[in-house]
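Colleague: First the structure, which I've put down as structure tokens, then a few questions once you've had a look.
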Amino acid sequence: MVMGRQETILVTGGAGFIGTHTVVQLLDEGFIVWIIDNLHNAVEEAVQRVRELVGPQLSQNLHFCLGDIRNKDDLEKLFSQTKFDAVVHFAGLKAVGESVAHPFRYFDNNLIGSITLYSVMEKYNCKKLVFSSSATVYGQPEKIPCVEDFQLKAMNPYGRTKLVLEEIARDIQKADPEWRIILLRYFNPVGAHPSGKLGEDPIGIPNNLMPYIQQVAVGRLPELNVYGYDYPTPDGTAIRDYIHVMDLADGHVVALHKLLKQDNIGCVAYNLGTGEGTSVLEMVAAFEKASGKKIPIKLCPRRAGDATAVYASTQKAEKELGWKAKNGIDEMCRDQWKWGSQNPWGYQSQP
Ligand code: NAD
Ligand code: UD1
């Protein structure tokens with residue numbers, strides 16, 4: 001723990017999956033943290049768990065505000081009372097399928113929400129931002145690993161909001177060079193806090209691979225549908241770059257330090273991935289090993305819109321942020337299982 005650094009950070013969406021893990025690291029680093037979250041996809045119990053993890057003393061540096069980033073009054077209330085040194089902006093919707101069915105929800109929440117936030121930041125002269133972008137901005141990459149200067153492409157409304165928000169960030173910074181903006185492109189965040197107290201708790205049937213496997217392992221779902229077994233990969237299943245959420249959280253801490261210290265940042269994007277590709281079947285095998293549970297699978301047709309293989313080039317983050325993921329898929333599965341086995345119904349005590 002580094003004592004004495006008392007910068008104040010606003011974390012939007014800080015009650016969510018990546019937010020909670022990042023808030024723990026920020027508090028451990030000595031930051032004062034304010035969360036704004038509308039609890040659309042989170043519960044206050046998650047914030048309570050953060051308090052338990054960091055202990056009573058550091059908990060005093062954590063403040064929670066139930067609010068919506070689309071609501072200017074909610075933001076004004078915060079910014080008029082507290083001087084924020086920077087904002088880490090997680091709040092948003094993230095389900096690809098939902099975005100295809102309900103694009104307006106995504107334009108409203110992700111675009112309007114972010115624009116409202118940035119306008120209030122500007123008004124209160126808070127011009128340092130870490131933004132949650134996604135590997136989705138690479139679309140179906142023609143080459144791998146994905147390098148930050150690849151041409152970007154949206155494959156669905158969710159991806160389009162990330163792409164547009166990256167462009168908006170670049171425009172804002174160009175117009176006013178006082179802004180310092182870091183865009184972090186996450187690959188596939190998985191795993192959980194090693195204590196087993198924090199983790200991902202999706203509402204309804206999970207869309208993503210790891211939470212789905214976890215729910216099969218605890219008996220909530222009967223089997224895993226493996227989407228596509230005829231891809232041109234060694235075992236026929238698709239390859240992704242899974243990254244432990246604790247490594248991701250560390251990536252935000254180093255990005256924030258850079259923002260706070262360095263004045264010539266501009267608006268810059270970094271991949272946060274491991275640089276390693278793992279197939280669906282390899283992930284299933286690693287989870288079976290970590291949990292000692294058999295995961296029944298059903299081979300199914302490919303899922304529409306899925307790419308064959310996506311993984312990150314990590315060179316830029318290593319060189320410029322001094323950040324490199326420490327955990328491999330064994331640690332990801334170990335911690336995912338610890339969270340899943342201790343919390344089979346997520347933050348709820350029972351269904
Ligand atoms: P999450 O849903 O767990 O967290 C998002 C949080 O934002 C939730 O707590 C939700 O209640 C809150 N929120 C949503 N809309 C809000 C609003 N208008 N006002 C206030 N709070 C609001 O998701 P996550 O996995 O933690 O993702 C965080 C960010 O990272 C998102 O922007 C997401 O698009 C991005 N991202 C996530 C992944 C992933 O796989 N988890 C991958 C790439 C990028
Ligand atoms: C998905 C999103 C992407 C987002 C990312 C965040 C889609 C199309 N893309 O990526 O925009 O940034 O999450 O993590 O949703 N799989 C199965 N069975 C399942 C679930 C998944 O076989 O039940 C396979 C998928 O086909 C894919 C791999 O597992 O090959 C990973 O899937 P998933 O966890 O959904 O992530 P992505 O599709 O990479």
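Chain identifiers are assigned as A, B, and so on, following the order in which chains appear in the structure tokens; residues are numbered from 1 within each chain, and ligands are numbered from 1 in order of appearance.
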Using only C-alpha atoms, determine which residues lie at most 12 Å from A:Lys77, disregarding the query and same-chain residues fewer than 5 positions distant; provide the list as a list in words.

Modeller: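 Contacts, with the query itself left out: Ile36, Cys65, Leu66, Gly67, Asp68, Ile69, Asn71, Lys72, Thr82, Lys83, Val120 and Tyr124 of chain A.
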
Colleague: As a PyMOL selection string, please: every protein or nucleic acid residue near ligand 2 (cut-off 9 Å, counting only C-alpha atoms and all ligand atoms).

Modeller: chain A and resi 94-97+133-137+139+155-156+158-159+185-190+206-213+224-229+237-242+279-281+283+299-300+302-310

Colleague: Using the selection just defined, write its residues with C-alpha atoms as an mmCIF file, in the first residue's frame.

Modeller:
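The resulting file, again_30.cif, is reproduced below:
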```cif
data_model
loop_
_atom_site.group_PDB
_atom_site.id
_atom_site.type_symbol
_atom_site.label_atom_id
_atom_site.label_comp_id
_atom_site.auth_asym_id
_atom_site.auth_seq_id
_atom_site.Cartn_x
_atom_site.Cartn_y
_atom_site.Cartn_z
ATOM 1 C CA LYS A 94 -22.414 -4.457 -22.606
ATOM 2 C CA ALA A 95 -24.605 -7.275 -23.960
ATOM 3 C CA VAL A 96 -24.063 -7.638 -27.700
ATOM 4 C CA GLY A 97 -27.307 -9.544 -28.388
ATOM 5 C CA SER A 133 -13.205 0.303 -24.499
ATOM 6 C CA SER A 134 -13.210 -3.206 -25.863
ATOM 7 C CA ALA A 135 -11.502 -5.540 -28.306
ATOM 8 C CA THR A 136 -14.849 -5.427 -30.082
ATOM 9 C CA VAL A 137 -13.544 -2.278 -31.859
ATOM 10 C CA GLY A 139 -14.359 -6.247 -35.449
ATOM 11 C CA MET A 155 -19.939 -5.344 -35.779
ATOM 12 C CA ASN A 156 -23.053 -4.489 -33.747
ATOM 13 C CA TYR A 158 -22.697 -2.232 -28.708
ATOM 14 C CA GLY A 159 -19.422 -2.206 -30.641
ATOM 15 C CA ARG A 185 -9.361 -2.009 -24.914
ATOM 16 C CA TYR A 186 -10.163 -5.055 -22.824
ATOM 17 C CA PHE A 187 -9.981 -8.474 -24.396
ATOM 18 C CA ASN A 188 -12.013 -11.155 -22.525
ATOM 19 C CA PRO A 189 -12.151 -10.347 -18.806
ATOM 20 C CA VAL A 190 -12.695 -13.434 -16.618
ATOM 21 C CA PRO A 206 -24.996 -15.712 -19.220
ATOM 22 C CA ASN A 207 -23.938 -14.780 -22.747
ATOM 23 C CA ASN A 208 -20.232 -15.127 -22.147
ATOM 24 C CA LEU A 209 -18.223 -18.311 -21.903
ATOM 25 C CA MET A 210 -16.769 -18.244 -18.382
ATOM 26 C CA PRO A 211 -19.884 -17.337 -16.403
ATOM 27 C CA TYR A 212 -21.717 -19.985 -18.417
ATOM 28 C CA ILE A 213 -19.149 -22.665 -17.590
ATOM 29 C CA LEU A 224 -22.260 -25.838 -22.148
ATOM 30 C CA ASN A 225 -23.147 -25.156 -25.773
ATOM 31 C CA VAL A 226 -19.872 -24.960 -27.653
ATOM 32 C CA TYR A 227 -20.557 -22.555 -30.507
ATOM 33 C CA GLY A 228 -18.607 -23.823 -33.504
ATOM 34 C CA TYR A 229 -16.263 -26.796 -33.753
ATOM 35 C CA THR A 237 -13.124 -24.149 -31.533
ATOM 36 C CA ALA A 238 -12.686 -20.386 -31.498
ATOM 37 C CA ILE A 239 -9.731 -18.682 -29.856
ATOM 38 C CA ARG A 240 -9.830 -15.665 -27.519
ATOM 39 C CA ASP A 241 -7.500 -13.749 -25.245
ATOM 40 C CA TYR A 242 -8.853 -14.247 -21.710
ATOM 41 C CA SER A 279 -9.692 -22.148 -27.452
ATOM 42 C CA VAL A 280 -13.126 -22.872 -25.984
ATOM 43 C CA LEU A 281 -12.193 -26.519 -25.366
ATOM 44 C CA MET A 283 -10.814 -23.240 -21.397
ATOM 45 C CA LEU A 299 -21.241 -29.139 -29.951
ATOM 46 C CA CYS A 300 -23.397 -26.526 -31.699
ATOM 47 C CA ARG A 302 -21.165 -21.252 -34.822
ATOM 48 C CA ARG A 303 -22.660 -18.196 -33.114
ATOM 49 C CA ALA A 304 -23.447 -15.420 -35.612
ATOM 50 C CA GLY A 305 -20.845 -12.660 -35.657
ATOM 51 C CA ASP A 306 -18.099 -14.625 -33.862
ATOM 52 C CA ALA A 307 -14.527 -14.348 -35.112
ATOM 53 C CA THR A 308 -12.216 -17.362 -35.443
ATOM 54 C CA ALA A 309 -9.347 -16.055 -33.352
ATOM 55 C CA VAL A 310 -8.783 -12.786 -31.524
#
```

Colleague: Just checking: using only C-alpha atoms, which residue out of A:Val130, A:Leu163, A:Leu272, A:Ile203 ends up closest to A:Trp179?

Modeller: A:Val130

Colleague: Check the smallest atom-to-atom distance from each of A:Lys316, A:Thr12, A:Asn61, A:Lys174 to A:Val88 using only C-alpha atoms, then report the winner.

Modeller: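 Closest to A:Val88, using only C-alpha atoms: A:Thr12.
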
Colleague: If you run DSSP on this backbone, which residues of stretch 53-227 of chain A come out as alpha helix (DSSP H), and could you give them as a ChimeraX atom specification?

Modeller: /A:53-59,72-81,96-101,103-106,113-123,157-175,209-217

Colleague: In terms of the shortest atom-to-atom distance over only C-alpha atoms and all ligand atoms, which of A:Pro141, A:Gly30, A:Gly273, A:Pro103 is closest to ligand 1?

Modeller: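 Once distances to ligand 1 are computed over only C-alpha atoms and all ligand atoms, the minimum belongs to A:Gly273.
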
Colleague: Between A:Phe150, A:Phe79, A:Phe90, A:Phe31, which is the closest to ligand 1 once you count only C-alpha atoms and all ligand atoms?

Modeller: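 Of the candidates, the smallest distance to ligand 1 is held by A:Phe90.
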
Colleague: Give the strand (DSSP E) residues of stretch 15-235 of chain A, as DSSP finds them on the backbone, and put them as a PyMOL selection string.

Modeller: chain A and resi 32-37+62-66+86-89+128-134+180-186+188-190+224-227

Colleague: Taking into account only C-alpha atoms and all ligand atoms, which residue in the set A:Asp330, A:Glu178, A:Glu318, A:Glu44 is nearest to ligand 1?

Modeller: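 Ranked by minimum distance to ligand 1, first place goes to A:Glu44.
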
Colleague: Report as a ChimeraX atom specification all protein, DNA and RNA residues lying within 7 Å of stretch 333-343 of chain A, evaluated on only C-alpha atoms, omitting residues in the same chain fewer than 5 positions from it.

Modeller: /A:191-194,196-199,214,218,286-287,290-291

Colleague: Go ahead and write the residues just picked, all heavy atoms, as an mmCIF file, in the first residue's frame.

Modeller:
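Here's the written file selection.cif:
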```
data_model
loop_
_atom_site.group_PDB
_atom_site.id
_atom_site.type_symbol
_atom_site.label_atom_id
_atom_site.label_comp_id
_atom_site.auth_asym_id
_atom_site.auth_seq_id
_atom_site.Cartn_x
_atom_site.Cartn_y
_atom_site.Cartn_z
ATOM 1 N N GLY A 191 -12.376 -14.572 -14.494
ATOM 2 C CA GLY A 191 -11.768 -14.743 -13.181
ATOM 3 C C GLY A 191 -12.508 -13.884 -12.164
ATOM 4 O O GLY A 191 -13.581 -13.322 -12.435
ATOM 5 N N ALA A 192 -11.921 -13.780 -10.994
ATOM 6 C CA ALA A 192 -12.581 -13.097 -9.892
ATOM 7 C C ALA A 192 -11.521 -12.721 -8.874
ATOM 8 O O ALA A 192 -10.358 -13.143 -8.993
ATOM 9 C CB ALA A 192 -13.609 -14.033 -9.258
ATOM 10 N N HIS A 193 -11.935 -11.971 -7.844
ATOM 11 C CA HIS A 193 -10.985 -11.631 -6.788
ATOM 12 C C HIS A 193 -10.532 -12.922 -6.092
ATOM 13 O O HIS A 193 -11.362 -13.790 -5.801
ATOM 14 C CB HIS A 193 -11.663 -10.689 -5.776
ATOM 15 C CG HIS A 193 -10.690 -10.056 -4.841
ATOM 16 N ND1 HIS A 193 -10.262 -10.690 -3.690
ATOM 17 C CD2 HIS A 193 -10.027 -8.877 -4.898
ATOM 18 C CE1 HIS A 193 -9.381 -9.909 -3.085
ATOM 19 N NE2 HIS A 193 -9.225 -8.812 -3.788
ATOM 20 N N PRO A 194 -9.232 -13.082 -5.822
ATOM 21 C CA PRO A 194 -8.744 -14.350 -5.255
ATOM 22 C C PRO A 194 -9.357 -14.706 -3.901
ATOM 23 O O PRO A 194 -9.309 -15.865 -3.487
ATOM 24 C CB PRO A 194 -7.239 -14.146 -5.116
ATOM 25 C CG PRO A 194 -6.918 -12.843 -5.701
ATOM 26 C CD PRO A 194 -8.165 -12.146 -6.140
ATOM 27 N N GLY A 196 -12.461 -14.833 -3.372
ATOM 28 C CA GLY A 196 -13.765 -15.467 -3.610
ATOM 29 C C GLY A 196 -14.936 -14.582 -3.209
ATOM 30 O O GLY A 196 -16.087 -15.002 -3.277
ATOM 31 N N LYS A 197 -14.664 -13.335 -2.836
ATOM 32 C CA LYS A 197 -15.756 -12.463 -2.370
ATOM 33 C C LYS A 197 -16.360 -11.589 -3.470
ATOM 34 O O LYS A 197 -17.475 -11.086 -3.330
ATOM 35 C CB LYS A 197 -15.259 -11.565 -1.235
ATOM 36 C CG LYS A 197 -15.003 -12.327 0.050
ATOM 37 C CD LYS A 197 -15.019 -11.405 1.246
ATOM 38 C CE LYS A 197 -14.738 -12.132 2.536
ATOM 39 N NZ LYS A 197 -15.668 -13.233 2.796
ATOM 40 N N LEU A 198 -15.587 -11.360 -4.539
ATOM 41 C CA LEU A 198 -16.089 -10.536 -5.645
ATOM 42 C C LEU A 198 -15.996 -11.338 -6.926
ATOM 43 O O LEU A 198 -15.046 -12.101 -7.113
ATOM 44 C CB LEU A 198 -15.204 -9.305 -5.855
ATOM 45 C CG LEU A 198 -15.084 -8.248 -4.782
ATOM 46 C CD1 LEU A 198 -14.090 -7.180 -5.253
ATOM 47 C CD2 LEU A 198 -16.442 -7.623 -4.494
ATOM 48 N N GLY A 199 -16.961 -11.115 -7.815
ATOM 49 C CA GLY A 199 -16.895 -11.792 -9.102
ATOM 50 C C GLY A 199 -17.997 -11.291 -10.005
ATOM 51 O O GLY A 199 -18.729 -10.360 -9.654
ATOM 52 N N GLN A 214 -19.178 -21.630 -15.404
ATOM 53 C CA GLN A 214 -19.304 -21.618 -13.947
ATOM 54 C C GLN A 214 -20.698 -22.092 -13.518
ATOM 55 O O GLN A 214 -20.845 -22.862 -12.574
ATOM 56 C CB GLN A 214 -19.052 -20.202 -13.442
ATOM 57 C CG GLN A 214 -19.188 -20.079 -11.945
ATOM 58 C CD GLN A 214 -19.095 -18.627 -11.504
ATOM 59 O OE1 GLN A 214 -18.187 -17.917 -11.900
ATOM 60 N NE2 GLN A 214 -20.033 -18.201 -10.702
ATOM 61 N N VAL A 218 -21.729 -25.366 -11.133
ATOM 62 C CA VAL A 218 -22.467 -25.359 -9.856
ATOM 63 C C VAL A 218 -23.862 -25.955 -9.998
ATOM 64 O O VAL A 218 -24.646 -25.956 -9.046
ATOM 65 C CB VAL A 218 -22.563 -23.938 -9.223
ATOM 66 C CG1 VAL A 218 -21.182 -23.380 -8.927
ATOM 67 C CG2 VAL A 218 -23.361 -22.976 -10.093
ATOM 68 N N ALA A 286 -9.304 -26.464 -18.691
ATOM 69 C CA ALA A 286 -8.647 -25.775 -17.565
ATOM 70 C C ALA A 286 -9.631 -25.601 -16.411
ATOM 71 O O ALA A 286 -9.258 -25.730 -15.240
ATOM 72 C CB ALA A 286 -8.122 -24.410 -18.028
ATOM 73 N N PHE A 287 -10.887 -25.328 -16.726
ATOM 74 C CA PHE A 287 -11.877 -25.147 -15.661
ATOM 75 C C PHE A 287 -12.166 -26.480 -14.977
ATOM 76 O O PHE A 287 -12.324 -26.539 -13.748
ATOM 77 C CB PHE A 287 -13.176 -24.542 -16.223
ATOM 78 C CG PHE A 287 -14.060 -23.994 -15.140
ATOM 79 C CD1 PHE A 287 -13.936 -22.685 -14.727
ATOM 80 C CD2 PHE A 287 -14.981 -24.802 -14.492
ATOM 81 C CE1 PHE A 287 -14.715 -22.175 -13.700
ATOM 82 C CE2 PHE A 287 -15.765 -24.316 -13.458
ATOM 83 C CZ PHE A 287 -15.634 -22.999 -13.061
ATOM 84 N N ALA A 290 -9.366 -27.072 -12.590
ATOM 85 C CA ALA A 290 -9.397 -26.192 -11.402
ATOM 86 C C ALA A 290 -10.520 -26.565 -10.447
ATOM 87 O O ALA A 290 -10.381 -26.435 -9.231
ATOM 88 C CB ALA A 290 -9.558 -24.733 -11.847
ATOM 89 N N SER A 291 -11.640 -27.037 -10.991
ATOM 90 C CA SER A 291 -12.826 -27.245 -10.148
ATOM 91 C C SER A 291 -13.010 -28.703 -9.749
ATOM 92 O O SER A 291 -13.754 -28.998 -8.817
ATOM 93 C CB SER A 291 -14.076 -26.791 -10.910
ATOM 94 O OG SER A 291 -14.257 -27.586 -12.067
#
```

Colleague: Find the distance between atom CA of A:Ala154 and atom CA of A:Glu320 and write it in Å to one decimal.

Modeller: 26.4 Å

Colleague: Between A:Glu282, A:Asp250, A:Glu45, A:Asp37, which residue has the minimum interatomic distance to ligand 1, considering only C-alpha atoms and all ligand atoms?

Modeller: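 Result for the nearest residue to ligand 1: A:Asp37.
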
Colleague: Rounded to one decimal, what separation in Å do you get between atom 2 (O, counted along the ligand's line) of ligand 1 and atom CA of A:Leu78?

Modeller: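 Spanning atom 2 (O, counted along the ligand's line) of ligand 1 to atom CA of A:Leu78 is a straight-line distance of 21.5 Å.
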
Colleague: List the neighbours of A:Leu129 out to 12 Å using only C-alpha atoms; skip same-chain residues closer than 4 positions along the sequence, and give me the result as a count of residues only.

Modeller: 41

Colleague: Within 9 Å of A:Arg51, counting only C-alpha atoms, which residues show up once you throw out same-chain ones fewer than 6 positions away? Write them as a PyMOL selection string, please.

Modeller: chain A and resi 24+58-60+62

Colleague: Can you measure atom 28 (C, counted along the ligand's line) of ligand 1 to atom CA of A:Ile18 for me? One decimal in Å is fine.

Modeller: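 Rounded to one decimal, the two atoms are 5.5 Å apart.
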
Colleague: So that I can check the surroundings of A:Ala325, please list as a PyMOL selection string every protein, DNA and RNA residue that reaches within 7 Å of it, counting only C-alpha atoms and ignoring chain neighbours fewer than 2 positions away.

Modeller: chain A and resi 247+274+323+327

Colleague: Produce a file of the selected residues containing all heavy atoms, as a PDB file, in the first residue's frame.

Modeller:
```
ATOM      1  N   ASP A 247      -5.703  -8.555 -13.173  1.00  0.00           N
ATOM      2  CA  ASP A 247      -4.712  -7.920 -14.050  1.00  0.00           C
ATOM      3  C   ASP A 247      -5.318  -6.688 -14.724  1.00  0.00           C
ATOM      4  O   ASP A 247      -4.653  -5.660 -14.885  1.00  0.00           O
ATOM      5  CB  ASP A 247      -4.226  -8.915 -15.117  1.00  0.00           C
ATOM      6  CG  ASP A 247      -3.212  -9.908 -14.558  1.00  0.00           C
ATOM      7  OD1 ASP A 247      -2.390  -9.502 -13.717  1.00  0.00           O
ATOM      8  OD2 ASP A 247      -3.244 -11.084 -14.963  1.00  0.00           O
ATOM      9  N   THR A 274      -3.630 -10.745 -22.563  1.00  0.00           N
ATOM     10  CA  THR A 274      -2.394 -11.446 -22.190  1.00  0.00           C
ATOM     11  C   THR A 274      -1.482 -11.658 -23.393  1.00  0.00           C
ATOM     12  O   THR A 274      -0.315 -11.995 -23.233  1.00  0.00           O
ATOM     13  CB  THR A 274      -2.703 -12.845 -21.611  1.00  0.00           C
ATOM     14  OG1 THR A 274      -3.349 -13.607 -22.645  1.00  0.00           O
ATOM     15  CG2 THR A 274      -3.594 -12.767 -20.393  1.00  0.00           C
ATOM     16  N   TRP A 323       2.976  -2.287 -17.968  1.00  0.00           N
ATOM     17  CA  TRP A 323       1.978  -3.242 -17.453  1.00  0.00           C
ATOM     18  C   TRP A 323       2.014  -4.529 -18.273  1.00  0.00           C
ATOM     19  O   TRP A 323       2.111  -4.484 -19.504  1.00  0.00           O
ATOM     20  CB  TRP A 323       0.575  -2.624 -17.544  1.00  0.00           C
ATOM     21  CG  TRP A 323      -0.527  -3.592 -17.229  1.00  0.00           C
ATOM     22  CD1 TRP A 323      -1.081  -3.809 -16.010  1.00  0.00           C
ATOM     23  CD2 TRP A 323      -1.191  -4.479 -18.137  1.00  0.00           C
ATOM     24  NE1 TRP A 323      -2.060  -4.766 -16.098  1.00  0.00           N
ATOM     25  CE2 TRP A 323      -2.144  -5.202 -17.394  1.00  0.00           C
ATOM     26  CE3 TRP A 323      -1.067  -4.742 -19.503  1.00  0.00           C
ATOM     27  CZ2 TRP A 323      -2.977  -6.161 -17.958  1.00  0.00           C
ATOM     28  CZ3 TRP A 323      -1.900  -5.697 -20.074  1.00  0.00           C
ATOM     29  CH2 TRP A 323      -2.833  -6.391 -19.311  1.00  0.00           C
ATOM     30  N   ASN A 327      -1.362 -13.292 -14.676  1.00  0.00           N
ATOM     31  CA  ASN A 327      -2.081 -14.560 -14.487  1.00  0.00           C
ATOM     32  C   ASN A 327      -2.377 -15.264 -15.808  1.00  0.00           C
ATOM     33  O   ASN A 327      -2.703 -14.621 -16.806  1.00  0.00           O
ATOM     34  CB  ASN A 327      -3.419 -14.285 -13.784  1.00  0.00           C
ATOM     35  CG  ASN A 327      -3.211 -13.750 -12.379  1.00  0.00           C
ATOM     36  OD1 ASN A 327      -2.836 -14.489 -11.480  1.00  0.00           O
ATOM     37  ND2 ASN A 327      -3.426 -12.459 -12.197  1.00  0.00           N
TER      38      ASN A 327
END
```
